[in-house]
Amino acid sequence: MIILKKANAPRYVRPEGITSYLLTSMLTGSEHLTTTLVEISSGGMQRIHNHVPEQIYYILEGSGLITVGDETARVEPGDCIFIPSQALHGLKNEGEITPKYFSAATPSFGSEELKTFWPLGSESE
């Protein structure tokens, strides 16, 4: 059994106000799935980007504006957003509460992408 903990997860911190914790990936033995926990500070945003893996965002706390392709919508806790492969997407925090979301992507990001997207060690190091 593998139990994944945020405190032990590799992470990245971007100047746009986003922190992403890498939970499941090739690093933990998952061949087909990458999962993350993401927090976006007040006024922060996830830049618009795209990638091959399909992805979902499940909003845990806070709210924000999600863009997928040419559509933008407000999301809140309990919303699950599907992001097709190669679709441009990003999330912006326009409130005072830090949005947190769980993300799952398949197929798993490759080892080079993992090194690029989650370059920092865990907070417990």
# chains A, B, ... in the order shown; residues from 1 in each chain; ligands from 1
>>> residues_around(residues="Tyr58 (chain A)", least_positions_apart="4", cutoff="12 Å", atoms="only C-alpha atoms", output="short mmCIF file (atom, residue, chain, number, x, y, z; two decimals) with N, CA and C atoms, in the first residue's frame")
data_model
loop_
_atom_site.label_atom_id
_atom_site.label_comp_id
_atom_site.auth_asym_id
_atom_site.auth_seq_id
_atom_site.Cartn_x
_atom_site.Cartn_y
_atom_site.Cartn_z
N THR A 35 -1.49 12.59 -10.35
CA THR A 35 -2.43 13.37 -9.55
C THR A 35 -1.68 14.45 -8.79
N THR A 36 -2.36 15.58 -8.60
CA THR A 36 -1.77 16.70 -7.89
C THR A 36 -2.80 17.36 -6.99
N LEU A 37 -2.31 18.10 -6.01
CA LEU A 37 -3.12 19.00 -5.20
C LEU A 37 -2.58 20.39 -5.48
N VAL A 38 -3.46 21.31 -5.85
CA VAL A 38 -3.02 22.64 -6.27
C VAL A 38 -3.72 23.70 -5.43
N GLY A 62 -12.74 27.18 -2.12
CA GLY A 62 -12.64 28.43 -2.85
C GLY A 62 -13.38 28.38 -4.18
N SER A 63 -13.20 29.42 -4.95
CA SER A 63 -13.83 29.50 -6.27
C SER A 63 -12.88 30.23 -7.21
N ILE A 66 -12.42 29.35 -14.51
CA ILE A 66 -11.70 28.35 -15.29
C ILE A 66 -11.90 28.64 -16.77
N VAL A 75 -16.23 28.41 -11.14
CA VAL A 75 -16.28 27.10 -10.50
C VAL A 75 -16.19 27.27 -8.99
N GLU A 76 -16.75 26.27 -8.28
CA GLU A 76 -16.80 26.33 -6.82
C GLU A 76 -16.67 24.90 -6.28
N PRO A 77 -16.56 24.74 -4.95
CA PRO A 77 -16.39 23.41 -4.38
C PRO A 77 -17.46 22.43 -4.88
N GLY A 78 -16.98 21.22 -5.22
CA GLY A 78 -17.86 20.18 -5.74
C GLY A 78 -17.91 20.11 -7.25
N ASP A 79 -17.38 21.13 -7.94
CA ASP A 79 -17.36 21.11 -9.40
C ASP A 79 -16.19 20.27 -9.90
N CYS A 80 -16.45 19.49 -10.94
CA CYS A 80 -15.42 18.68 -11.59
C CYS A 80 -15.34 19.11 -13.05
N ILE A 81 -14.17 19.54 -13.48
CA ILE A 81 -13.99 20.06 -14.82
C ILE A 81 -13.17 19.08 -15.64
N PHE A 82 -13.67 18.68 -16.79
CA PHE A 82 -12.93 17.79 -17.70
C PHE A 82 -12.16 18.66 -18.70
N ILE A 83 -10.88 18.33 -18.87
CA ILE A 83 -10.03 19.06 -19.80
C ILE A 83 -9.50 18.06 -20.84
N LEU A 91 -6.75 28.40 -14.54
CA LEU A 91 -7.69 28.78 -13.49
C LEU A 91 -7.19 30.03 -12.79
N PRO A 99 -8.32 28.99 -3.54
CA PRO A 99 -8.88 27.79 -4.17
C PRO A 99 -7.90 26.62 -4.07
N LYS A 100 -8.44 25.46 -3.78
CA LYS A 100 -7.67 24.23 -3.78
C LYS A 100 -8.40 23.25 -4.67
N TYR A 101 -7.65 22.57 -5.52
CA TYR A 101 -8.28 21.55 -6.35
C TYR A 101 -7.38 20.33 -6.48
N PHE A 102 -8.03 19.20 -6.65
CA PHE A 102 -7.35 17.94 -6.91
C PHE A 102 -7.40 17.72 -8.41
N SER A 103 -6.28 17.31 -8.97
CA SER A 103 -6.20 17.09 -10.41
C SER A 103 -5.75 15.66 -10.68
N ALA A 104 -6.34 15.05 -11.70
CA ALA A 104 -5.90 13.74 -12.17
C ALA A 104 -5.71 13.83 -13.68
N ALA A 105 -4.58 13.30 -14.16
CA ALA A 105 -4.26 13.35 -15.59
C ALA A 105 -3.84 11.96 -16.05
#
>>> select_by_dssp(residues="region 48-110 of chain A", states="strand (DSSP E or B)", output="PDB file with C-alpha atoms, in the first residue's frame")
ATOM      1  CA  HIS A  49      -1.310  26.042 -20.985  1.00  0.00           C
ATOM      2  CA  GLU A  54      -6.473  14.416 -20.406  1.00  0.00           C
ATOM      3  CA  GLN A  55      -7.181  15.951 -17.043  1.00  0.00           C
ATOM      4  CA  ILE A  56      -9.856  16.691 -14.483  1.00  0.00           C
ATOM      5  CA  TYR A  57      -9.892  19.368 -11.804  1.00  0.00           C
ATOM      6  CA  TYR A  58     -12.078  18.708  -8.762  1.00  0.00           C
ATOM      7  CA  ILE A  59     -12.595  21.922  -6.775  1.00  0.00           C
ATOM      8  CA  LEU A  60     -12.182  21.317  -3.025  1.00  0.00           C
ATOM      9  CA  GLU A  61     -12.212  24.878  -1.620  1.00  0.00           C
ATOM     10  CA  GLY A  64     -12.379  30.875  -9.459  1.00  0.00           C
ATOM     11  CA  LEU A  65     -12.676  31.339 -13.176  1.00  0.00           C
ATOM     12  CA  ILE A  66     -11.701  28.349 -15.289  1.00  0.00           C
ATOM     13  CA  THR A  67     -10.915  28.631 -18.970  1.00  0.00           C
ATOM     14  CA  VAL A  68     -10.960  25.549 -21.180  1.00  0.00           C
ATOM     15  CA  GLU A  71     -15.010  28.960 -22.767  1.00  0.00           C
ATOM     16  CA  THR A  72     -14.734  30.534 -19.299  1.00  0.00           C
ATOM     17  CA  ALA A  73     -16.931  29.711 -16.298  1.00  0.00           C
ATOM     18  CA  ARG A  74     -17.018  30.238 -12.528  1.00  0.00           C
ATOM     19  CA  VAL A  75     -16.276  27.101 -10.503  1.00  0.00           C
ATOM     20  CA  CYS A  80     -15.418  18.680 -11.586  1.00  0.00           C
ATOM     21  CA  ILE A  81     -13.995  20.064 -14.818  1.00  0.00           C
ATOM     22  CA  PHE A  82     -12.927  17.793 -17.699  1.00  0.00           C
ATOM     23  CA  ILE A  83     -10.030  19.060 -19.802  1.00  0.00           C
ATOM     24  CA  HIS A  89      -6.756  25.716 -19.934  1.00  0.00           C
ATOM     25  CA  GLY A  90      -6.062  27.680 -16.749  1.00  0.00           C
ATOM     26  CA  LEU A  91      -7.686  28.779 -13.487  1.00  0.00           C
ATOM     27  CA  LYS A  92      -7.748  32.223 -11.883  1.00  0.00           C
ATOM     28  CA  LYS A 100      -7.668  24.227  -3.778  1.00  0.00           C
ATOM     29  CA  TYR A 101      -8.279  21.547  -6.351  1.00  0.00           C
ATOM     30  CA  PHE A 102      -7.352  17.935  -6.913  1.00  0.00           C
ATOM     31  CA  SER A 103      -6.199  17.087 -10.413  1.00  0.00           C
ATOM     32  CA  ALA A 104      -5.903  13.736 -12.173  1.00  0.00           C
ATOM     33  CA  ALA A 105      -4.263  13.346 -15.588  1.00  0.00           C
ATOM     34  CA  THR A 106      -3.924  10.330 -17.847  1.00  0.00           C
TER      35      THR A 106
END
>>> atom_distance(atom1="CA of Thr98 (chain A)", atom2="CA of Gly69 (chain A)")
23.8 Å
>>> residues_around(residues="region 109-114 of chain A", least_positions_apart="3", cutoff="10 Å", atoms="only C-alpha atoms", output="list in words")
Pro10, Arg11, Leu22, Ser25, Met26, Leu27, Glu31, His32, Leu33, Thr34, Thr35, His51, Val52, Pro53, Ala105, Thr106, Phe117, Trp118 and Pro119 of chain A
>>> residues_around(residues="region 40-44 of chain A", least_positions_apart="2", cutoff="6 Å", atoms="only C-alpha atoms", output="PyMOL selection string")
chain A and resi 16-18+93-94+96+98-99
>>> atom_distance(atom1="CA of Gly95 (chain A)", atom2="CA of Met45 (chain A)")
11.2 Å
>>> closest_residue(among="A:Ala87, A:Val13, A:Met1, A:Ala7", to="Glu39 (chain A)", atoms="only C-alpha atoms")
A:Val13
>>> atom_distance(atom1="CA of Gln86 (chain A)", atom2="CA of Asn8 (chain A)")
29.6 Å
>>> select_by_dssp(residues="chain A", states="helix (DSSP H, G or I)", output="PyMOL selection string")
chain A and resi 6-8+26-28+111-117
>>> write_last_selection(atoms="C-alpha atoms", output="short mmCIF file (atom, residue, chain, number, x, y, z; two decimals), in the first residue's frame")
data_model
loop_
_atom_site.label_atom_id
_atom_site.label_comp_id
_atom_site.auth_asym_id
_atom_site.auth_seq_id
_atom_site.Cartn_x
_atom_site.Cartn_y
_atom_site.Cartn_z
CA LYS A 6 1.19 16.45 0.81
CA ALA A 7 4.09 17.19 3.17
CA ASN A 8 6.26 14.64 1.34
CA MET A 26 5.75 7.53 -12.33
CA LEU A 27 7.79 8.42 -9.22
CA THR A 28 5.33 6.50 -7.04
CA SER A 111 9.76 11.75 -16.47
CA GLU A 112 11.08 14.88 -18.24
CA GLU A 113 7.75 16.67 -17.73
CA LEU A 114 7.79 15.68 -14.05
CA LYS A 115 11.27 17.19 -13.60
CA THR A 116 10.17 20.39 -15.35
CA PHE A 117 6.76 20.82 -13.68
#
